[in-house]
Each structure stands twice: as structure tokens, then as C-alpha cells.
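**Student:** This is protein_16.txt, which holds compact mmCIF, C-alpha atoms and all ligand atoms:
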```txt
# COMPACT_ATOMS: atom_id res chain seq x y z
CA MET A 14 6.04 -30.11 32.58
CA ILE A 15 3.62 -27.35 33.60
CA GLN A 16 1.72 -27.20 30.33
CA GLY A 17 0.73 -29.35 27.38
CA GLU A 18 2.83 -30.90 24.66
CA ASP A 19 1.13 -31.77 21.40
CA THR A 20 1.67 -35.52 21.10
CA GLN A 21 1.47 -35.44 17.29
CA THR A 22 3.85 -32.58 16.59
CA GLY A 23 5.94 -32.56 19.78
CA ARG A 24 5.35 -28.79 20.14
CA ASN A 25 4.61 -26.98 23.40
CA THR A 26 0.94 -26.05 23.28
CA SER A 27 -1.55 -24.24 25.47
CA PRO A 28 -4.88 -26.14 25.56
CA GLN A 29 -6.81 -23.16 27.00
CA LEU A 30 -5.57 -20.89 24.21
CA ASP A 31 -6.22 -23.55 21.57
CA LYS A 32 -9.89 -23.45 22.59
CA ILE A 33 -10.19 -19.76 21.61
CA LEU A 34 -7.85 -19.73 18.62
CA HIS A 35 -9.35 -17.64 15.75
CA GLN A 36 -12.31 -16.65 17.97
CA GLN A 37 -13.30 -12.99 17.60
CA HIS A 38 -13.36 -10.92 20.82
CA ASN A 39 -15.31 -7.73 20.23
CA VAL A 40 -13.78 -4.45 21.45
CA LEU A 41 -15.42 -0.98 21.28
CA ASP A 42 -18.22 -0.61 18.73
CA HIS A 43 -16.71 -2.25 15.62
CA GLY A 44 -13.30 -3.50 16.75
CA PHE A 45 -12.07 -6.97 17.57
CA ILE A 46 -9.08 -9.06 18.54
CA ARG A 47 -8.48 -12.67 17.59
CA VAL A 48 -5.50 -14.93 18.07
CA VAL A 49 -4.20 -16.17 14.74
CA ASP A 50 -1.28 -18.26 15.97
CA TYR A 51 1.17 -18.66 18.82
CA MET A 52 4.44 -20.37 19.71
CA GLY A 53 5.39 -21.73 23.12
CA ASN A 54 3.79 -21.84 26.55
CA ASP A 55 4.87 -21.64 30.20
CA SER A 56 7.04 -24.72 29.69
CA SER A 57 8.96 -23.00 26.88
CA ILE A 58 10.03 -20.29 29.35
CA VAL A 59 11.22 -22.93 31.80
CA GLN A 60 13.01 -24.94 29.11
CA ALA A 61 14.88 -21.89 27.85
CA ALA A 62 15.87 -20.84 31.37
CA ARG A 63 17.09 -24.33 32.26
CA VAL A 64 19.40 -24.32 29.26
CA SER A 65 21.28 -21.56 31.00
CA TYR A 66 21.26 -23.45 34.30
CA GLY A 67 22.15 -26.78 32.68
CA SER A 68 19.38 -29.08 33.90
CA GLY A 69 16.10 -30.42 32.52
CA THR A 70 12.47 -29.74 33.44
CA LYS A 71 11.63 -30.22 37.10
CA LYS A 72 8.41 -30.61 39.11
CA VAL A 73 5.51 -28.20 38.53
CA ASN A 74 6.18 -26.27 41.76
CA GLU A 75 9.83 -25.79 40.90
CA ASP A 76 8.89 -24.65 37.37
CA LYS A 77 6.42 -22.14 38.78
CA GLY A 78 9.06 -20.94 41.23
CA LEU A 79 11.57 -20.55 38.43
CA ILE A 80 9.16 -18.41 36.34
CA ASN A 81 8.53 -16.29 39.40
CA TYR A 82 12.26 -15.90 40.00
CA LEU A 83 12.93 -14.95 36.36
CA MET A 84 10.19 -12.31 36.43
CA SER A 85 11.22 -10.83 39.75
CA HIS A 86 14.89 -10.61 38.71
CA ARG A 87 14.11 -9.24 35.25
CA HIS A 88 15.74 -12.22 33.56
CA ASN A 89 13.74 -11.38 30.45
CA THR A 90 15.00 -13.46 27.57
CA PRO A 91 13.24 -16.76 28.49
CA PHE A 92 9.93 -14.88 28.09
CA GLU A 93 10.96 -13.94 24.56
CA MET A 94 10.74 -17.63 23.62
CA CYS A 95 6.93 -17.29 23.48
CA GLU A 96 5.38 -15.47 20.53
CA ILE A 97 1.78 -14.65 19.67
CA LYS A 98 0.09 -13.29 16.55
CA PHE A 99 -3.16 -11.30 16.69
CA HIS A 100 -5.55 -9.97 14.08
CA VAL A 101 -6.81 -6.64 15.41
CA LYS A 102 -9.43 -4.23 14.12
CA LEU A 103 -9.06 -0.82 15.75
CA PRO A 104 -9.71 2.91 15.20
CA ILE A 105 -6.79 4.75 13.57
CA PHE A 106 -6.23 6.98 16.65
CA VAL A 107 -5.79 3.83 18.78
CA ALA A 108 -3.46 2.39 16.13
CA ARG A 109 -1.32 5.58 16.37
CA GLN A 110 -0.72 4.88 20.08
CA TRP A 111 -0.31 1.13 19.59
CA ILE A 112 2.31 1.36 16.85
CA ARG A 113 4.66 3.17 19.24
CA HIS A 114 5.38 -0.32 20.58
CA ARG A 115 8.25 -0.83 18.19
CA SER A 116 9.50 -4.18 19.42
CA SER A 117 6.88 -6.14 17.53
CA SER A 118 5.82 -6.78 13.91
CA TYR A 119 2.88 -5.20 12.10
CA ASN A 120 1.19 -5.71 8.76
CA GLU A 121 -1.64 -3.24 8.19
CA TYR A 122 -4.64 -3.06 5.85
CA SER A 123 -3.72 -0.95 2.81
CA ALA A 124 -6.06 1.96 2.13
CA ARG A 125 -4.09 2.53 -1.09
CA TYR A 126 -4.93 -0.94 -2.35
CA SER A 127 -8.40 -1.48 -0.82
CA MET A 128 -11.43 0.64 -0.06
CA MET A 129 -11.89 1.92 3.47
CA GLU A 130 -14.98 0.53 5.17
CA ASP A 131 -17.84 2.67 6.41
CA GLU A 132 -16.98 2.03 10.07
CA PHE A 133 -16.17 4.75 12.56
CA TYR A 134 -15.69 4.62 16.32
CA ILE A 135 -18.42 6.56 18.10
CA PRO A 136 -18.02 6.52 21.92
CA GLU A 137 -20.84 5.49 24.22
CA ILE A 138 -22.53 8.46 25.87
CA SER A 139 -21.20 7.28 29.27
CA ASP A 140 -17.63 7.47 27.92
CA ILE A 141 -17.85 11.14 26.98
CA SER A 142 -16.08 13.11 29.71
CA PRO A 143 -14.51 16.54 30.18
CA GLN A 144 -10.77 17.23 30.06
CA SER A 145 -9.03 16.17 33.27
CA SER A 146 -7.62 19.06 35.28
CA SER A 147 -4.88 16.94 36.93
CA ASN A 148 -3.84 14.73 33.98
CA HIS A 149 -3.25 17.04 31.02
CA GLN A 150 -3.23 14.06 28.65
CA GLY A 151 -6.52 12.54 29.67
CA ARG A 152 -10.15 12.79 30.47
CA ASN A 153 -11.99 12.48 33.75
CA ILE A 154 -14.08 9.36 33.27
CA GLY A 155 -17.15 9.50 35.46
CA GLU A 156 -16.95 13.28 35.95
CA LYS A 157 -20.21 15.04 35.24
CA ILE A 158 -20.97 16.44 31.83
CA SER A 159 -24.50 17.33 30.79
CA VAL A 160 -26.40 14.75 28.74
CA GLU A 161 -27.01 17.45 26.10
CA GLU A 162 -23.30 18.20 25.75
CA ALA A 163 -22.40 14.52 25.56
CA GLN A 164 -25.17 13.80 23.05
CA ASN A 165 -24.08 16.77 20.95
CA ALA A 166 -20.52 15.34 20.83
CA ILE A 167 -21.89 12.00 19.62
CA ASP A 168 -24.03 13.72 16.98
CA VAL A 169 -21.03 15.73 15.72
CA PHE A 170 -18.83 12.57 15.57
CA SER A 171 -21.55 10.63 13.72
CA GLN A 172 -22.48 13.37 11.24
CA ASP A 173 -18.87 14.30 10.43
CA SER A 174 -17.89 10.64 9.97
CA ALA A 175 -20.83 10.02 7.63
CA LYS A 176 -20.12 13.20 5.69
CA CYS A 177 -16.41 12.41 5.29
CA TYR A 178 -17.21 8.88 4.16
CA GLN A 179 -19.66 10.17 1.56
CA HIS A 180 -16.99 12.60 0.31
CA TYR A 181 -14.55 9.67 0.16
CA LEU A 182 -16.97 7.71 -2.04
CA ASP A 183 -17.64 10.79 -4.19
CA LEU A 184 -13.91 11.37 -4.68
CA ILE A 185 -13.19 7.79 -5.77
CA ASN A 186 -16.45 7.89 -7.77
CA ASN A 187 -17.59 4.52 -6.39
CA ASP A 188 -20.30 3.31 -4.07
CA LYS A 189 -19.50 0.90 -1.20
CA GLU A 190 -19.93 -2.10 -3.50
CA GLY A 191 -17.50 -0.64 -6.04
CA ASN A 192 -20.10 0.49 -8.62
CA THR A 193 -19.18 3.69 -10.50
CA PHE A 194 -21.31 6.75 -9.67
CA ASP A 195 -20.59 8.83 -12.77
CA ASN A 196 -19.11 7.29 -15.91
CA SER A 197 -17.91 10.66 -17.18
CA LYS A 198 -15.47 10.97 -14.22
CA ALA A 199 -12.18 9.08 -13.58
CA GLY A 200 -12.43 9.24 -9.77
CA ILE A 201 -9.29 10.08 -7.78
CA ALA A 202 -6.94 7.41 -6.38
CA ARG A 203 -7.88 5.71 -3.08
CA GLU A 204 -4.52 6.73 -1.57
CA LEU A 205 -5.56 10.38 -1.98
CA ALA A 206 -9.27 10.13 -1.21
CA ARG A 207 -8.54 8.50 2.17
CA ILE A 208 -6.61 11.54 3.45
CA ASN A 209 -9.92 13.25 4.24
CA LEU A 210 -11.12 10.45 6.58
CA PRO A 211 -11.07 11.11 10.34
CA VAL A 212 -8.94 9.16 12.82
CA ASN A 213 -11.96 7.36 14.31
CA CYS A 214 -12.08 5.32 11.08
CA TYR A 215 -11.27 1.63 11.64
CA THR A 216 -8.17 -0.06 10.30
CA GLN A 217 -6.90 -3.65 10.75
CA TRP A 218 -3.58 -5.31 11.20
CA TYR A 219 -1.77 -8.49 12.04
CA TRP A 220 0.44 -7.99 15.07
CA LYS A 221 3.13 -10.40 16.22
CA ILE A 222 4.98 -9.90 19.50
CA ASN A 223 6.97 -11.92 22.02
CA LEU A 224 5.75 -12.36 25.58
CA HIS A 225 8.35 -10.08 27.16
CA ASN A 226 7.35 -7.15 24.94
CA LEU A 227 3.68 -8.05 25.26
CA PHE A 228 3.93 -7.77 29.06
CA ASN A 229 5.50 -4.33 28.50
CA PHE A 230 2.57 -3.38 26.25
CA ILE A 231 0.00 -4.66 28.76
CA SER A 232 1.57 -2.94 31.76
CA LEU A 233 1.64 0.41 29.91
CA ARG A 234 -1.72 0.18 28.17
CA ILE A 235 -3.88 -1.43 30.87
CA ASP A 236 -2.81 1.30 33.27
CA SER A 237 -5.31 4.03 34.20
CA HIS A 238 -3.03 6.64 32.57
CA ALA A 239 -3.53 5.04 29.15
CA GLN A 240 -6.44 6.22 27.02
CA TYR A 241 -9.69 4.38 27.73
CA GLU A 242 -10.02 3.06 24.16
CA ILE A 243 -6.58 1.36 23.99
CA ARG A 244 -7.13 0.10 27.56
CA LYS A 245 -10.16 -1.86 26.35
CA TYR A 246 -7.91 -3.69 23.87
CA ALA A 247 -5.19 -4.27 26.49
CA GLU A 248 -7.75 -5.79 28.87
CA VAL A 249 -8.96 -8.28 26.26
CA ILE A 250 -5.37 -9.14 25.34
CA TYR A 251 -4.48 -9.74 28.97
CA ASP A 252 -7.43 -12.12 29.40
CA ILE A 253 -6.11 -14.06 26.41
CA VAL A 254 -2.54 -14.06 27.78
CA LYS A 255 -3.76 -15.48 31.11
CA LYS A 256 -5.19 -18.44 29.22
CA TRP A 257 -2.01 -18.85 27.17
CA VAL A 258 0.66 -18.64 29.92
CA PRO A 259 -1.09 -18.77 33.32
CA TYR A 260 2.07 -19.09 35.43
CA ALA A 261 3.96 -16.33 33.64
CA SER A 262 0.85 -14.13 33.98
CA GLU A 263 0.68 -14.85 37.70
CA ALA A 264 4.32 -13.83 38.08
CA PHE A 265 3.76 -10.74 35.91
CA GLU A 266 0.82 -9.68 38.06
CA LYS A 267 2.84 -10.18 41.24
CA HIS A 268 6.07 -8.50 40.19
CA ARG A 269 5.00 -5.97 37.53
CA LEU A 270 1.28 -5.22 37.33
CA ASN A 271 0.55 -5.01 41.05
CA ALA A 272 4.05 -3.92 42.00
CA LYS A 273 5.35 -0.38 42.28
CA ASN A 274 8.80 1.15 41.73
CA PHE A 275 9.93 3.79 44.20
CA SER A 276 12.75 6.29 43.76
CA GLY A 277 15.65 6.18 46.23
CA PRO A 278 14.42 9.30 48.12
CA ALA A 279 10.85 7.92 48.23
CA LEU A 280 12.17 4.65 49.70
CA GLU A 281 14.01 6.64 52.40
CA VAL A 282 10.69 8.32 53.30
CA ILE A 283 8.92 4.93 53.44
CA LYS A 284 11.67 3.53 55.69
CA LYS A 285 11.34 6.49 58.06
CA MET A 286 7.54 6.16 58.13
CA ALA A 287 7.87 2.43 58.86
CA ASN A 288 10.11 3.36 61.82
CA GLY A 289 7.30 5.57 63.14
CA ASP A 290 8.83 8.94 62.15
CA ASN A 291 6.36 11.73 61.47
CA ILE A 292 7.10 12.91 57.93
CA ASP A 293 5.34 15.68 56.06
CA GLU A 294 5.86 17.11 52.59
CA GLU A 295 8.47 19.61 53.77
CA SER A 296 10.58 17.17 55.79
CA SER A 297 10.29 14.42 53.14
CA GLY A 298 12.73 16.11 50.76
CA LEU A 299 10.41 15.14 47.89
CA ASN A 300 8.99 17.68 45.50
CA LYS A 301 5.24 18.44 45.43
CA ARG A 302 4.40 15.93 42.69
CA GLU A 303 6.54 13.14 44.20
CA TRP A 304 4.97 13.68 47.63
CA LYS A 305 1.46 13.68 46.13
CA GLU A 306 2.11 10.46 44.20
CA LEU A 307 3.57 8.73 47.25
CA THR A 308 0.78 9.71 49.66
CA GLU A 309 -1.92 8.97 47.08
CA PHE A 310 -0.42 5.52 46.58
CA PHE A 311 -0.54 4.68 50.29
CA ASN A 312 -3.98 6.18 50.80
CA LYS A 313 -5.69 4.39 47.94
C1 LIG B 1 0.18 6.73 29.10
C2 LIG B 1 1.11 6.93 27.93
C3 LIG B 1 1.30 8.20 27.40
C4 LIG B 1 2.16 8.39 26.32
N1 LIG B 1 2.31 9.64 25.78
C5 LIG B 1 3.11 9.84 24.70
C6 LIG B 1 3.26 11.13 24.11
O1 LIG B 1 2.67 12.11 24.55
N2 LIG B 1 4.07 11.25 23.01
C7 LIG B 1 4.75 10.19 22.50
O2 LIG B 1 5.48 10.36 21.52
N3 LIG B 1 4.64 8.97 23.06
C8 LIG B 1 3.84 8.76 24.12
N4 LIG B 1 3.72 7.49 24.65
C9 LIG B 1 4.44 6.36 24.04
C10 LIG B 1 5.68 5.94 24.88
O3 LIG B 1 6.62 6.99 24.95
C11 LIG B 1 6.33 4.69 24.26
O4 LIG B 1 6.79 5.02 22.96
C12 LIG B 1 5.36 3.54 24.12
O5 LIG B 1 4.67 3.34 25.33
C13 LIG B 1 6.12 2.28 23.74
O6 LIG B 1 6.86 1.85 24.85
P1 LIG B 1 8.28 1.18 24.70
O7 LIG B 1 9.23 2.11 24.02
O8 LIG B 1 8.68 0.65 26.04
O9 LIG B 1 7.93 -0.08 23.74
P2 LIG B 1 8.74 -0.65 22.48
O10 LIG B 1 8.85 0.37 21.41
O11 LIG B 1 8.07 -1.94 22.13
O12 LIG B 1 10.17 -0.94 23.01
C14 LIG B 1 10.39 -1.93 24.02
C15 LIG B 1 11.71 -1.63 24.67
O13 LIG B 1 12.73 -1.78 23.68
C16 LIG B 1 13.72 -0.78 23.86
N5 LIG B 1 13.79 0.03 22.64
C17 LIG B 1 12.97 -0.05 21.54
N6 LIG B 1 13.38 0.81 20.60
C18 LIG B 1 14.45 1.47 21.12
C19 LIG B 1 15.29 2.49 20.64
N7 LIG B 1 15.16 3.03 19.43
N8 LIG B 1 16.29 2.91 21.43
C20 LIG B 1 16.48 2.38 22.68
N9 LIG B 1 15.71 1.41 23.20
C21 LIG B 1 14.69 0.96 22.42
C22 LIG B 1 13.33 0.03 25.08
O14 LIG B 1 13.93 -0.54 26.21
C23 LIG B 1 11.86 -0.19 25.17
O15 LIG B 1 11.33 -0.04 26.48
C24 LIG B 1 2.88 7.28 25.74
C25 LIG B 1 2.67 6.01 26.30
C26 LIG B 1 1.83 5.82 27.38
C27 LIG B 1 1.64 4.43 27.93
```
Could I get this file's structure written as C-alpha cells?
Ligand SMILES: Cc1cc2nc3c(=O)[nH]c(=O)nc-3n(C[C@H](O)[C@H](O)[C@H](O)COP(=O)(O)OP(=O)(O)OC[C@H]3O[C@@H](n4cnc5c(N)ncnc54)[C@H](O)[C@@H]3O)c2cc1C
**Tutor:**
Amino acid sequence: MIQGEDTQTGRNTSPQLDKILHQQHNVLDHGFIRVVDYMGNDSSIVQAARVSYGSGTKKVNEDKGLINYLMSHRHNTPFEMCEIKFHVKLPIFVARQWIRHRSSSYNEYSARYSMMEDEFYIPEISDISPQSSSNHQGRNIGEKISVEEAQNAIDVFSQDSAKCYQHYLDLINNDKEGNTFDNSKAGIARELARINLPVNCYTQWYWKINLHNLFNFISLRIDSHAQYEIRKYAEVIYDIVKKWVPYASEAFEKHRLNAKNFSGPALEVIKKMANGDNIDEESSGLNKREWKELTEFFNK
């Protein structure tokens, strides 16, 4: 047995995760993540895998080895035996990226039913960067932008957010506490008034996902190609996951996070280089982008 079993309920538990259950981990300026519940631990992965191999739980080292083997051979279903449920507060533009992860369950705050809160994501001045010239989707974090230009962006974000929120209140004819502004007006429905709010407005949801799909989420969203803001959430989630399933996380880091897939032609180039052949872009047979990616990877 590589992890705990609750002696009262007989369930597989994770003592390190139990310690932080329900605890709020702050992300960005108003966001957070907290674990609401979970099912399973490293031992659950091993138990499920051993069903298919027909023998019971072995020594810790063998269990660790088995998890490693499963991860490296993409034997995924044992990892689906672990589930976790988070409560997340996040800006709507981050939620738009997050919800593309379809293999999980969501239940979101209803802005039709409830009032939107006066909370908007405003980046730190150090996180304001120009458009990247190499990555058309992203920004160049750390690249110089004048303090005036960055401060102006923050002022525009803050003023527009405040203005839109005031318009929202005016349209529903309520203040933040729900008191009516003008008794002669009906106020329009919340589901309509909210359409004028910007995407830096915070929303909340419960999110339940199994470990296999969560590793997929982490590997995509912790990566430097993902937007900085969702990356901050992925980093906090991964810290939580390491507490929950330390051996599966170790295997994930080894075989997924710190590993790299190469195309067949790229592997041929690597083999030739390992044999001492002098290969350049032209003789590699790779296109410009493939060659750049390969050489950048080995030079980093
Ligand atoms: C850096 C980055 C940039 C991105 N840019 C864009 C963009 O510009 N535009 C955009 O639209 N999206 C973009 N995405 C979202 C991306 O295309 C994926 O939708 C998202 O990352 C979810 O990944 P997923 O499909 O593996 O996850 P999930 O939806 O959780 O699915 C998990 C796995 O289940 C399987 N699966 C789920 N649903 C189906 C299905 N209907 N059919 C077949 N197999 C399925 C697939 O194997 C999939 O890998 C971007 C993502 C990243 C990380």
C-alpha cells in the first residue's frame, strides 16, 4: 500500500491532500482554487491496474514501478479511477479557455439568477507586455514596454471595468446590496444587463475531473505556450495534485511534463547527430519551423 486507507470508512485517502481540503489558494488578483472533494489516491491506480494483471497490491517499490510503467506506456484507464472536485473563481476570459477541456464536469455561477460581483481582473504592471512577434497567439513576457504605456493599459482596464459595472447596476436598477435605485423604473433582467460586462469579470464554478484528463489539462496549460493567466491556475492545481498523488505525479513529470515527442524525421536527424554526422537545416530534410524547434530544444 503506497498511500493511506481511512480506517473508519475503508476508503483510499490522501493524508497530504486532506490537510488542505477546502483551503483557499489565491490566484491572480481576486481568483482562487480550493479542493472540495476527491476520490482515490496512488493506491487506487495500482489496485485498478492489478485487476487487469490478476494479483493484489505488492511492495511500495513495485507499486511505484507499476505506476511508472502505466504512465510510460500510456495505459491510461487506471488513472481515471482517481477523481477530484475543485471550486474555482476565475476571470471569464480564462474560463473560456478552460472550458475547452470537455472531458470533465462543470457547474457555473448563474449570472441570470444572481448578481455579478464587482470584481474584475486587472493585471500587474509587470505582466503587461507587447504582442510576441514569434508566437502570434501570445505576449512577450519580460519584453520592454514603457511604464507609461503599461500604466495607461491598467488605467483603461480599471476605468472601463468600473464604468461597465456601474452601467450594469443602473440597468438592473439595483445597488450592490440589492437596494432599488429608482422606484419608478422596473430595471432590466440580470440575464440582459450582464451582456455589457467585460471578459475580465470574475465567474465561479465547480469542476470535477479524473486524474488522466487532469494531467492532460496540466500539461497543456502549465506550458509556456498557454496564456499566463491560465498558467497561474494550472501551477496551483499541479501543486495540489503532487500532494494528492505523489507517485503518479512523479511518473507524469518523468514521462509527460519533462518529456518530448519527436516526429519520425526529427528522430532520424537526432540519430545522425548522435552518430557524429554534421547536419544543417538543408541536409536535415526538416522544414524551417521543424528545424528551429529541434535546434532550440537542444540548445536550451
Ligand atoms: C496553447 C493553446 C492554444 C490553443 N488555441 C486554441 C485556439 O486558438 N482555438 C481553439 O478553438 N482552441 C484552442 N485551444 C484549445 C485546444 O484546441 C483544446 O480544445 C483544449 O486544449 C482541450 O484539449 P483536449 O481536447 O485534449 O481536452 P478535452 O476536451 O478534455 O479532451 C480530452 C481528450 O478526449 C478526446 N476527446 C474529447 N472530445 C472529443 C471529441 N469530440 N472528438 C474526439 N475526441 C475527443 C481527445 O482525445 C482529447 O484529447 C488551445 C489550447 C492550448 C493549450
**Student:** Can you work out which residues are within 7 Å of ligand LIG 1 (chain B), considering only C-alpha atoms and all ligand atoms, and then hand them over as a PyMOL selection string?
**Tutor:** chain A and resi 110+113-117+226+229-230+233-234+238-240
**Student:** Within 8 Å of (8.5, -10.7, 19.9) in the file's own coordinates, which protein, DNA or RNA residues have an atom, counting only C-alpha atoms? List them as a list in words.
**Tutor:**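 Checked against the point, the hits come out as Glu93, Cys95, Glu96, Ile97, Ser116, Ser117, Ser118, Lys221, Ile222, Asn223, Leu224, His225, Asn226 and Leu227 of chain A.
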**Student:** Could you tell me how far atom CA of Glu130 of chain A sits from atom CA of Trp111 of chain A, in Å to one decimal place?
**Tutor:** 20.6 Å
**Student:** Under the rule that only C-alpha atoms are counted, which of A:Pro143, A:Pro91, A:Gly200, A:Pro104 is the nearest residue to Trp218 of chain A?
**Tutor:** A:Pro104
**Student:** Using Å and a single decimal, report how far atom CA of Asp131 of chain A sits from atom CA of Asp188 of chain A.
**Tutor:**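 If I compute the distance from atom CA of Asp188 of chain A to atom CA of Asp131 of chain A, I get 10.8 Å.
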**Student:** Calculate how many Å separate atom CA of Asn165 of chain A from atom CA of Asp183 of chain A, rounding to one decimal.
**Tutor:** 26.6 Å
**Student:** When distances are computed from all atoms listed in the file, which of A:Ile33, A:Val258, A:Val64, A:Met286 shows the smallest separation from Lys77 of chain A?
**Tutor:**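 Checking each candidate against Lys77 of chain A, we get A:Val258 as the closest.
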**Student:** Taking (-1.7, -19.6, 36.9) as a centre in this file's frame and 12 Å as the limit, can you find every polymer residue with an atom that close, using all atoms listed in the file, and give them as a VMD selection string?
**Tutor:** chain A and resid 15 to 16 29 54 to 55 73 to 74 76 to 78 80 to 81 254 to 267
**Student:** Which is closest to Asn120 of chain A among A:Ser276, A:Gln217, A:Asn312, A:Ser145, if we use only C-alpha atoms?
**Tutor:**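 That would be A:Gln217, the residue with the smallest distance to Asn120 of chain A.
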**Student:** I'd like to know which of A:Ile250, A:Met94, A:Leu205, A:Ile141 is closest to Asn39 of chain A, using all atoms listed in the file.
**Tutor:**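 The answer is A:Ile250, which sits nearest to Asn39 of chain A.
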**Student:** With distances taken over only C-alpha atoms, which of A:Val282, A:Leu184, A:Ile201, A:Val49 is nearest to Gln37 of chain A?
**Tutor:**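 Ranked by minimum distance to Gln37 of chain A, first place goes to A:Val49.
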